[in-house]
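Just below is one structure, and these are the notes that go with it.
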Amino acid sequence: MARLSIEDVSVDFGGIHALRDVSFELESGAIVGLIGPNGAGKSTLLNCVSGIARPTRGRVRLDDAVLSALPPATVAGCGIGRVFQHPELVIDLSVRENLQIACHRSLRYGLASEFLKLPNVRSAERAAAGRVDEVLERLGLSDSGEVAIRNLPYGHRKLVDLGRALLMDIKFLLLDEPIAGLNDAEVARLRDLLLRLRQDLGLGILVVEHNMPFVSRLCDRLVVLDLGQLIANGAPADVLRDPRVMASYLGEDA
Amino acid sequence: MIANLIVGGLAAGCLYAMVGIAIVIVLNITDIANFAQGEMAMVTTFFAYWLLDSVGLSWWQAVPIAILFGTVQGVIIQQVVIRPLIGSPVLSAIIATLGLNIVLNSVAGLIWGHQTYTFPSPFAFSAPFMLGGVPIPVDSVLNIAVGLSIVIAMTWFLRFTWIGLGLRAASQNPTVARMMGVSISRSSAIAWGLGGLVGGISGILVAPSLFLDTNLMGALLIKAFAGGVLGGLNSLIGVFLGCLSLGIAENLVGAYVSPAFGEAITFIIIIAVLIVRPEGVFGRVRARKV
Amino acid sequence: MSATVDIARTQRHAASVGVSRVLLGLCLAAACVAPFVLNGYGLYILTLTGVFALVALGLNLLTGYAGQISLCHAAFFGVGAYATAILTQKAGFPYLLSIFVGGLLTAAVGAVVAVPAMRLKSLYLAIATLGFGVVLQKIIFEWRSLTNGGGGLALNPPVIAGYQLDATGLYFLTLALVILGIWGASNISSGRTGRALMIIKESEIAAGALGIQAARYKVIAFAISAFYAAVAGGLFAYLVRYIHPENFSAGLSIAFLSMVVIGGLGTIGGSIVGAAFYVIVPELLRGIKDAPGLVFGLLLVIVMVLMPQGLWGLARRLGRRV
């Protein structure tokens, strides 16, 4: 049971307060939705957790370890997976090859061994290939392993991006607007996939989304940001009826 | 003595600055660093020489025609080489302009050979100006005056004319600029034309002192980049002041430390600035949204 | 529809691997027979091609896979040449050891250069590496006590295990190192390092999210490419037997870059083709002074605009149609 804690995180850019004293928690096995109008600071918050942005005040903690001062690659190594809004995959490589890149941290051979392709390299690569096959299966993409990314539909590219995060032995998954650009069937598939990931792997999932029906059906809890401040944190049904939440989305006259 | 070094440095710096200004105009508007800038200027200067020598025009007749040639050269290169590369990674454009550098140098060599020619200047035999007892050669004054004028004219153009504003809009946000009716490829062509124009002017002013051959601009290009890096490659004033400072620094270090270091100083400056403050002394940092 | 094309392509690929292996075997056989068929000058050209192929292999890893530009590899080539020469002639090291140690030293210099430089974006990286190259060249020139400065260094023929290497011997050494270099580069590019470089080139942020520290791998790529250039330099020094700081100028760095680009960025075959092209074209155009420059410059532009896969990519596409 791991716990991701966002503690009094504030981020200032010049004169702009992107985030102000935001605090909440995410445990293993919980799916939390992060919602709020545009400019509320949702992506900034995700960036703070992944290490791309540094909080001006406050901290992000994984159990006892403080993540907020660490560089993004180290944060990823601690078990925080991040899926960005637009998948940045290597276009000319296949699905399988893109997923192999994600096995990087699990392949523990040195440069000299790699240069000479020693036996330990070969066995490590074989093991990684096996893990890639497992993830392809989990994503339902086993038939698409050899397809080049440039020939892959957008919905599948987003799945491959998710697959990369899964190969990293993560405890927590951060998703930035995962259903943007997907049709209804793909959205339903993604929802089922995320629920199964929570069940099989015990992942804690933080989803930034605009689509209300999607988040209320997927998430155990919703956290609402408005202009950088946390204005609600609770069950979807309660949060969506909260007058402050409605006001932030619809304007003060609602 | 030191005053002479400073004046000499300023004059040399102005030459670097003119190449640098041409580079910065193109860089800021089209996001491409033109590594062929020097060679384009060299070709324009050779054209001017041809007008002077074979066609028999006077300096005052040949120079405007040559500058026009330089402008057209810039536009043609933009249309043929650069336009297809809009949207490609930066690496491709850098390599393409390096290739262009080699092509122009070779073409000039094939047409005019590798001898050194004397390029005339109408001010060659004028007496130097005297400023507080320090003699300043007339062509140095000319270089400084022209350099400063170009900076002022370009700044005014980019800030206060419709075309100039359109150019700046095109470089900062192509999508919105298009929606406002600014043509991106036309902006790019204008920018490269301006680069060719300013480059041509720089070549014609440089040639009398450095003598005209295919290597005229090679060393200047690197120094223009160095001065630009020092002052900030996204600022016209920055490039100008950076190149002037570089010229002065070269002279002073060359005289008081050692001639070898005088040359190396260019590169030591580049490296030091890039490590400490990559956007240069006057430059602005550009952020990127994730 | 396109997915089916991909899978069919993979199946055809497996069949064509057999053909490739035969061709490779033929090339190797030809390479081994060459010294006995060519005259002294022909052998020199072939050896020089091998030397430049080594540079191209390393530079390809940096520019083709990691997408980082370098305009100072002639300086690494030169440092390797001088290091090998000085260790062999003045310190009395065995030739092969000198090459290897020279390579490591240069890789260390490369790493030192790379650490600050790798934070920079493309254009600034190009300018910074240009600067480093010139400074390194100047250091070689000024450090007269070690390098004899502008006077250059004249070298005795190299000796391995008591046998003096003649032109044929040096050729076979070069061939062996090129083969080793190809194999190593292939292993790296298909291993975790090569893959890391590819995602870094695509997006450093995506790389970070996958636990890959972009800065670290860019430095590694820089150091490896410097190592390759230095080993090539060690061979070059003893091929020409007289080295001079002027040999290792910014112009040569640009020429190295041209090789990998024209040959085909990001492919090993491209490195070899580019190197061969770089050596052979001036030979064919000998006499017309600026013609090679014109051809290279034009090709650089044409490749960037029309044929990003370079000559090797073009050859492969034609080969597939056959």
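By convention here, the chains of the structure tokens are called A, B, ... in the order presented, each chain's residues are numbered starting at 1, and ligands are numbered starting at 1 in the order presented.
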I need the chain C residues near chain B as a PyMOL selection string; criterion: at most 7 Å, counting only C-alpha atoms.
chain C and resi 116+122+128+131+135+290-291+293-294+297-298+300-301+304-305
Can you spit out the residues from that selection as a PDB file, in the first residue's frame, using C-alpha atoms?
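Written file, selection16.pdb:
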ATOM      1  CA  PRO C 116      27.908  21.795 -20.493  1.00  0.00           C
ATOM      2  CA  SER C 122      20.559  22.605 -31.839  1.00  0.00           C
ATOM      3  CA  ALA C 128      29.460  25.659 -29.167  1.00  0.00           C
ATOM      4  CA  GLY C 131      34.062  26.791 -30.806  1.00  0.00           C
ATOM      5  CA  VAL C 135      39.986  25.799 -29.342  1.00  0.00           C
ATOM      6  CA  ASP C 290      36.120  23.228 -56.730  1.00  0.00           C
ATOM      7  CA  ALA C 291      34.109  20.427 -58.253  1.00  0.00           C
ATOM      8  CA  GLY C 293      33.025  20.932 -53.003  1.00  0.00           C
ATOM      9  CA  LEU C 294      30.210  21.701 -55.373  1.00  0.00           C
ATOM     10  CA  GLY C 297      27.444  20.952 -51.041  1.00  0.00           C
ATOM     11  CA  LEU C 298      24.728  20.238 -53.588  1.00  0.00           C
ATOM     12  CA  LEU C 300      23.938  18.031 -48.673  1.00  0.00           C
ATOM     13  CA  VAL C 301      21.185  20.394 -49.729  1.00  0.00           C
ATOM     14  CA  MET C 304      18.087  17.448 -46.677  1.00  0.00           C
ATOM     15  CA  VAL C 305      15.330  18.707 -48.948  1.00  0.00           C
TER      16      VAL C 305
END
Against chain B, which residues of chain A fall within 9 Å? For each one I want the closest pair of atoms and the distance in Å (one decimal), counting only C-alpha atoms, rows by chain and increasing residue number, as JSON lines.
{"residue": "A:Ser43", "atom": "CA", "partner": "B:Val290", "partner_atom": "CA", "distance": 8.4}
{"residue": "A:Asn47", "atom": "CA", "partner": "B:Val290", "partner_atom": "CA", "distance": 8.4}
{"residue": "A:Ile52", "atom": "CA", "partner": "B:Val290", "partner_atom": "CA", "distance": 8.8}
{"residue": "A:Phe84", "atom": "CA", "partner": "B:Val290", "partner_atom": "CA", "distance": 8.8}
Could you dump the residues just selected with C-alpha atoms as a JSON list (two decimals), in the first residue's frame?
[["chain", "number", "residue", "atom", "x", "y", "z"],
["A", 43, "SER", "CA", -1.39, 20.08, -15.95],
["A", 47, "ASN", "CA", 4.09, 18.37, -13.91],
["A", 52, "ILE", "CA", 8.98, 18.54, -14.76],
["A", 84, "PHE", "CA", 0.98, 12.91, -21.75]]
With a distance threshold of 7 Å and counting only C-alpha atoms, extract the residues of chain C near chain A and express them as a list in words.
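The selection requested is Ser2, Ala3, Asp6, Ile7, Gly184, Asn187, Ile188, Gly191, Arg192, Arg195, Ala196, Ile199, Glu202, Ser203, Ala206, Gly208, Ala209, Leu210, Gly211, Ile212 and Gln213 of chain C.
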Selected residues, N, CA and C atoms, written as a CSV table (one decimal), in the first residue's frame, please.
chain,number,residue,atom,x,y,z
C,2,SER,N,-2.5,-0.2,-44.1
C,2,SER,CA,-1.1,0.0,-44.0
C,2,SER,C,-0.5,-0.9,-43.0
C,3,ALA,N,-1.3,-1.4,-42.0
C,3,ALA,CA,-0.8,-2.3,-41.0
C,3,ALA,C,-0.4,-3.6,-41.7
C,6,ASP,N,2.9,-3.3,-43.4
C,6,ASP,CA,4.0,-3.4,-42.4
C,6,ASP,C,4.3,-4.9,-42.2
C,7,ILE,N,3.3,-5.7,-42.0
C,7,ILE,CA,3.5,-7.1,-41.6
C,7,ILE,C,4.1,-7.8,-42.8
C,184,GLY,N,30.2,-3.3,-33.1
C,184,GLY,CA,29.9,-2.5,-31.8
C,184,GLY,C,28.8,-1.5,-32.0
C,187,ASN,N,25.5,-3.2,-32.2
C,187,ASN,CA,25.0,-3.6,-30.9
C,187,ASN,C,24.5,-2.5,-30.0
C,188,ILE,N,25.2,-1.4,-30.1
C,188,ILE,CA,24.8,-0.2,-29.3
C,188,ILE,C,23.4,0.3,-29.8
C,191,GLY,N,20.7,-1.9,-28.8
C,191,GLY,CA,20.6,-2.1,-27.4
C,191,GLY,C,19.9,-1.0,-26.7
C,192,ARG,N,19.9,-1.0,-25.3
C,192,ARG,CA,19.2,0.0,-24.6
C,192,ARG,C,19.7,1.4,-24.8
C,195,ARG,N,18.3,2.7,-28.2
C,195,ARG,CA,16.9,3.0,-28.1
C,195,ARG,C,16.7,4.3,-27.2
C,196,ALA,N,17.5,4.4,-26.2
C,196,ALA,CA,17.4,5.6,-25.4
C,196,ALA,C,17.7,6.9,-26.2
C,199,ILE,N,14.7,7.8,-28.4
C,199,ILE,CA,13.5,8.5,-27.8
C,199,ILE,C,14.0,9.9,-27.3
C,202,GLU,N,13.5,12.1,-30.2
C,202,GLU,CA,12.1,12.4,-30.5
C,202,GLU,C,11.6,13.4,-29.5
C,203,SER,N,11.8,13.2,-28.2
C,203,SER,CA,11.3,14.1,-27.2
C,203,SER,C,12.0,13.8,-25.9
C,206,ALA,N,9.5,13.0,-23.1
C,206,ALA,CA,9.0,11.6,-23.1
C,206,ALA,C,10.1,10.7,-22.5
C,208,GLY,N,12.4,11.4,-20.3
C,208,GLY,CA,12.4,11.6,-18.9
C,208,GLY,C,11.3,10.8,-18.2
C,209,ALA,N,10.1,10.8,-18.8
C,209,ALA,CA,9.0,10.0,-18.3
C,209,ALA,C,9.2,8.5,-18.3
C,210,LEU,N,10.2,8.1,-19.1
C,210,LEU,CA,10.5,6.7,-19.1
C,210,LEU,C,11.7,6.4,-18.3
C,211,GLY,N,12.1,7.3,-17.5
C,211,GLY,CA,13.3,7.1,-16.6
C,211,GLY,C,14.6,7.2,-17.3
C,212,ILE,N,14.6,7.8,-18.5
C,212,ILE,CA,15.9,8.0,-19.2
C,212,ILE,C,16.4,9.4,-19.0
C,213,GLN,N,17.6,9.6,-18.5
C,213,GLN,CA,18.2,10.9,-18.3
C,213,GLN,C,18.8,11.4,-19.6
For atom CA of C:Thr106 and atom CA of B:Gly218, quote the distance in Å rounded to one decimal.
27.6 Å
With only C-alpha atoms as the atoms that count, which of C:Phe93, C:Tyr238, C:Phe277, C:Phe100 lies nearest to C:Gly169?
C:Tyr238
Can you work out which one of B:Thr214, B:Asn34, B:Ser54, B:Gln79 has the shortest atom-to-atom distance to B:Ser185, counting only C-alpha atoms?
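So, comparing all the options, the nearest one is B:Gln79.
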Between atom CA of B:Gly70 and atom CA of B:Gly199, what is the distance in Å, rounded to a tenth?
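Distance reported for this atom pair: 7.4 Å.
The list of residues with at least one atom within 9 Å of stretch 141-150 of chain C, based on only C-alpha atoms and without residues fewer than 3 positions apart in the same chain, reads Ala260 of chain B; Tyr82, Ile86, Leu136, Gln137, Lys138, Leu153, His244, Pro245 and Glu246 of chain C.
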Would you give me, as a PyMOL selection string, the residues in stretch 70-229 of chain C that DSSP reads as alpha helix (DSSP H)?
chain C and resi 73-89+95-117+122-142+144-147+167-190+192-202+204-209+214-229
Write the selection just made, keeping C-alpha atoms, as a compact mmCIF listing (two decimals), in the first residue's frame?
# COMPACT_ATOMS: atom_id res chain seq x y z
CA HIS C 73 34.78 15.92 -34.65
CA ALA C 74 37.81 16.83 -36.73
CA ALA C 75 39.34 18.02 -33.49
CA PHE C 76 38.65 14.67 -31.81
CA PHE C 77 40.12 12.98 -34.88
CA GLY C 78 43.18 15.18 -34.43
CA VAL C 79 43.49 14.64 -30.70
CA GLY C 80 43.35 10.90 -31.31
CA ALA C 81 45.97 11.19 -34.03
CA TYR C 82 48.32 13.22 -31.89
CA ALA C 83 47.70 11.15 -28.77
CA THR C 84 48.50 7.93 -30.60
CA ALA C 85 51.56 9.46 -32.22
CA ILE C 86 52.92 10.93 -28.99
CA LEU C 87 52.28 7.80 -26.92
CA THR C 88 53.95 5.61 -29.53
CA GLN C 89 56.91 7.79 -30.46
CA TYR C 95 50.96 0.96 -31.23
CA LEU C 96 47.68 -0.84 -30.53
CA LEU C 97 47.71 0.24 -26.91
CA SER C 98 48.38 3.83 -27.95
CA ILE C 99 45.36 3.79 -30.23
CA PHE C 100 43.18 2.45 -27.46
CA VAL C 101 44.47 4.80 -24.77
CA GLY C 102 44.31 7.70 -27.21
CA GLY C 103 40.70 6.76 -27.83
CA LEU C 104 39.88 6.73 -24.13
CA LEU C 105 41.61 10.06 -23.54
CA THR C 106 39.70 11.65 -26.38
CA ALA C 107 36.44 10.14 -25.14
CA ALA C 108 37.16 11.78 -21.79
CA VAL C 109 37.73 15.13 -23.52
CA GLY C 110 34.50 14.54 -25.43
CA ALA C 111 32.62 13.91 -22.20
CA VAL C 112 34.02 17.06 -20.61
CA VAL C 113 33.03 19.08 -23.67
CA ALA C 114 29.60 17.50 -23.73
CA VAL C 115 28.51 18.07 -20.16
CA PRO C 116 27.91 21.80 -20.49
CA ALA C 117 27.10 21.63 -24.19
CA SER C 122 20.56 22.61 -31.84
CA LEU C 123 21.83 25.94 -33.13
CA TYR C 124 23.68 26.83 -29.94
CA LEU C 125 25.10 23.32 -29.76
CA ALA C 126 26.40 23.69 -33.30
CA ILE C 127 28.07 26.99 -32.44
CA ALA C 128 29.46 25.66 -29.17
CA THR C 129 30.95 22.58 -30.82
CA LEU C 130 32.40 24.78 -33.55
CA GLY C 131 34.06 26.79 -30.81
CA PHE C 132 35.37 23.72 -28.99
CA GLY C 133 36.82 22.36 -32.19
CA VAL C 134 38.71 25.53 -32.91
CA VAL C 135 39.99 25.80 -29.34
CA LEU C 136 41.18 22.17 -29.35
CA GLN C 137 42.91 22.74 -32.67
CA LYS C 138 44.56 25.85 -31.26
CA ILE C 139 45.73 23.95 -28.19
CA ILE C 140 47.37 21.34 -30.40
CA PHE C 141 49.03 24.14 -32.34
CA GLU C 142 50.26 26.06 -29.30
CA ARG C 144 54.70 22.98 -29.07
CA SER C 145 56.65 21.03 -26.52
CA LEU C 146 54.26 18.13 -26.89
CA THR C 147 53.04 18.33 -30.45
CA ALA C 167 50.67 -0.58 -46.22
CA THR C 168 48.96 -3.96 -46.45
CA GLY C 169 49.35 -4.54 -42.74
CA LEU C 170 47.87 -1.16 -41.87
CA TYR C 171 45.03 -1.85 -44.29
CA PHE C 172 44.14 -5.12 -42.58
CA LEU C 173 44.35 -3.47 -39.16
CA THR C 174 41.97 -0.78 -40.39
CA LEU C 175 39.65 -3.39 -41.88
CA ALA C 176 39.62 -5.32 -38.61
CA LEU C 177 38.84 -2.20 -36.60
CA VAL C 178 36.12 -1.17 -39.04
CA ILE C 179 34.49 -4.57 -38.72
CA LEU C 180 34.73 -4.38 -34.94
CA GLY C 181 33.41 -0.82 -35.11
CA ILE C 182 30.43 -1.83 -37.24
CA TRP C 183 29.59 -4.71 -34.95
CA GLY C 184 29.88 -2.55 -31.83
CA ALA C 185 27.84 0.28 -33.32
CA SER C 186 25.19 -2.19 -34.39
CA ASN C 187 25.03 -3.64 -30.88
CA ILE C 188 24.77 -0.25 -29.27
CA SER C 189 22.11 0.98 -31.66
CA SER C 190 19.98 -2.10 -31.11
CA ARG C 192 19.20 0.01 -24.57
CA THR C 193 21.58 2.90 -25.31
CA GLY C 194 20.59 3.16 -28.96
CA ARG C 195 16.92 3.03 -28.07
CA ALA C 196 17.38 5.64 -25.37
CA LEU C 197 19.04 7.92 -27.91
CA MET C 198 16.14 7.49 -30.31
CA ILE C 199 13.54 8.54 -27.78
CA ILE C 200 15.75 11.42 -26.65
CA LYS C 201 15.89 12.62 -30.24
CA GLU C 202 12.11 12.41 -30.50
CA GLU C 204 13.44 14.60 -24.13
CA ILE C 205 10.34 14.95 -21.99
CA ALA C 206 9.01 11.58 -23.10
CA ALA C 207 12.46 10.15 -22.36
CA GLY C 208 12.38 11.57 -18.85
CA ALA C 209 8.95 10.04 -18.27
CA ALA C 214 18.60 12.75 -21.55
CA ALA C 215 21.69 14.71 -20.50
CA ARG C 216 23.54 11.58 -19.43
CA TYR C 217 22.89 9.72 -22.65
CA LYS C 218 23.77 12.66 -24.82
CA VAL C 219 27.13 12.83 -23.08
CA ILE C 220 27.58 9.09 -23.57
CA ALA C 221 26.78 9.41 -27.28
CA PHE C 222 29.24 12.28 -27.57
CA ALA C 223 31.97 10.32 -25.80
CA ILE C 224 31.45 7.18 -27.89
CA SER C 225 31.58 9.17 -31.12
CA ALA C 226 34.74 10.91 -29.91
CA PHE C 227 36.26 7.49 -29.19
CA TYR C 228 35.53 6.28 -32.70
CA ALA C 229 36.97 9.48 -34.20
Compile the contact shell of B:Gln61 as an mmCIF file with C-alpha atoms, in the first residue's frame: residues with an atom at most 10 Å away, counting only C-alpha atoms, same-chain residues fewer than 4 positions apart removed.
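File written: result35.cif
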data_model
loop_
_atom_site.group_PDB
_atom_site.id
_atom_site.type_symbol
_atom_site.label_atom_id
_atom_site.label_comp_id
_atom_site.auth_asym_id
_atom_site.auth_seq_id
_atom_site.Cartn_x
_atom_site.Cartn_y
_atom_site.Cartn_z
ATOM 1 C CA ALA B 48 29.919 43.938 -57.530
ATOM 2 C CA LEU B 51 30.294 45.226 -62.377
ATOM 3 C CA LEU B 52 33.206 47.447 -61.449
ATOM 4 C CA GLY B 56 33.105 49.376 -65.978
ATOM 5 C CA LEU B 57 30.533 50.964 -63.698
ATOM 6 C CA ILE B 65 22.867 47.076 -58.305
ATOM 7 C CA ALA B 66 24.944 44.581 -56.364
#
Find the distance between atom CA of C:Ala30 and atom CA of C:Arg320 and write it in Å to one decimal.
23.5 Å
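Here the DSSP assignment of strand (DSSP E), based on backbone atoms, applies within stretch 41-137 of chain B to Phe129, Met130, Leu131, Val134, Pro135 and Ile136 of chain B.
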Within 12 Å of A:Glu137 using only C-alpha atoms, minus same-chain residues under 4 positions, as JSON, numbers by chain:
{"A": [96, 130, 131, 132, 133, 141, 142, 143, 144, 145, 159, 160, 163, 193]}
Any chance you can output those residues with C-alpha atoms as an mmCIF file, in the first residue's frame?
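Writing the result to result_1.cif gives the following:
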data_model
loop_
_atom_site.group_PDB
_atom_site.id
_atom_site.type_symbol
_atom_site.label_atom_id
_atom_site.label_comp_id
_atom_site.auth_asym_id
_atom_site.auth_seq_id
_atom_site.Cartn_x
_atom_site.Cartn_y
_atom_site.Cartn_z
ATOM 1 C CA ARG A 96 7.073 -3.347 -30.254
ATOM 2 C CA GLY A 130 8.721 -11.275 -23.039
ATOM 3 C CA ARG A 131 7.473 -8.418 -20.886
ATOM 4 C CA VAL A 132 6.660 -6.421 -24.012
ATOM 5 C CA ASP A 133 4.553 -9.339 -25.259
ATOM 6 C CA LEU A 141 -2.518 -4.976 -29.354
ATOM 7 C CA SER A 142 -0.840 -8.357 -29.834
ATOM 8 C CA ASP A 143 -1.566 -8.309 -33.559
ATOM 9 C CA SER A 144 -0.114 -4.846 -34.019
ATOM 10 C CA GLY A 145 3.352 -5.447 -32.664
ATOM 11 C CA LEU A 159 -2.629 2.815 -25.907
ATOM 12 C CA VAL A 160 1.017 2.315 -26.825
ATOM 13 C CA GLY A 163 1.881 0.565 -22.521
ATOM 14 C CA LEU A 193 -8.557 -1.237 -19.194
#
Which residues come within 9 Å of C:Gly270, counting only C-alpha atoms, excluding same-chain residues fewer than 6 positions away, as an mmCIF file with N, CA and C atoms, in the first residue's frame?
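In the end it all went to around07.cif:
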data_model
loop_
_atom_site.group_PDB
_atom_site.id
_atom_site.type_symbol
_atom_site.label_atom_id
_atom_site.label_comp_id
_atom_site.auth_asym_id
_atom_site.auth_seq_id
_atom_site.Cartn_x
_atom_site.Cartn_y
_atom_site.Cartn_z
ATOM 1 N N ALA C 56 32.678 8.101 -39.305
ATOM 2 C CA ALA C 56 31.258 8.217 -39.643
ATOM 3 C C ALA C 56 30.400 7.347 -38.737
ATOM 4 N N LEU C 57 30.873 6.138 -38.424
ATOM 5 C CA LEU C 57 30.099 5.246 -37.553
ATOM 6 C C LEU C 57 29.833 5.908 -36.205
ATOM 7 N N ASN C 60 27.594 9.042 -36.571
ATOM 8 C CA ASN C 60 26.234 8.632 -36.878
ATOM 9 C C ASN C 60 25.448 8.331 -35.609
ATOM 10 N N MET C 259 29.514 13.549 -44.623
ATOM 11 C CA MET C 259 29.599 12.105 -44.885
ATOM 12 C C MET C 259 28.388 11.373 -44.337
ATOM 13 N N VAL C 260 28.099 11.618 -43.057
ATOM 14 C CA VAL C 260 27.005 10.855 -42.446
ATOM 15 C C VAL C 260 25.667 11.268 -43.033
ATOM 16 N N VAL C 261 25.521 12.542 -43.348
ATOM 17 C CA VAL C 261 24.238 12.994 -43.879
ATOM 18 C C VAL C 261 24.004 12.449 -45.278
ATOM 19 N N ILE C 262 25.018 12.590 -46.128
ATOM 20 C CA ILE C 262 24.859 12.141 -47.514
ATOM 21 C C ILE C 262 24.697 10.627 -47.554
ATOM 22 N N GLY C 263 25.471 9.935 -46.717
ATOM 23 C CA GLY C 263 25.344 8.487 -46.697
ATOM 24 C C GLY C 263 23.970 8.063 -46.220
ATOM 25 N N GLY C 264 23.463 8.762 -45.211
ATOM 26 C CA GLY C 264 22.163 8.396 -44.667
ATOM 27 C C GLY C 264 22.215 8.399 -43.157
ATOM 28 N N GLN C 309 16.783 10.161 -46.418
ATOM 29 C CA GLN C 309 17.405 8.880 -46.070
ATOM 30 C C GLN C 309 18.792 8.737 -46.665
ATOM 31 N N GLY C 310 19.216 9.715 -47.446
ATOM 32 C CA GLY C 310 20.573 9.677 -47.972
ATOM 33 C C GLY C 310 20.760 8.651 -49.071
ATOM 34 N N LEU C 311 22.012 8.478 -49.486
ATOM 35 C CA LEU C 311 22.304 7.565 -50.587
ATOM 36 C C LEU C 311 21.981 6.126 -50.214
ATOM 37 N N TRP C 312 22.286 5.766 -48.967
ATOM 38 C CA TRP C 312 22.033 4.393 -48.544
ATOM 39 C C TRP C 312 20.542 4.093 -48.583
ATOM 40 N N GLY C 313 19.743 5.051 -48.107
ATOM 41 C CA GLY C 313 18.295 4.880 -48.137
ATOM 42 C C GLY C 313 17.792 4.741 -49.565
#
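Comparing the minimum interatomic distances between B:Ser149 and each of B:Leu212, B:Leu230, B:Val198, B:Val72, counting only C-alpha atoms, we find that B:Val198 sits nearest.
Summary of the local environment: counting only C-alpha atoms, residues at most 7 Å from B:Gly74, other than itself and those fewer than 4 positions away along its chain, are Gly70, Gln78, Trp192, Gly193, Gly195 and Gly196 of chain B.
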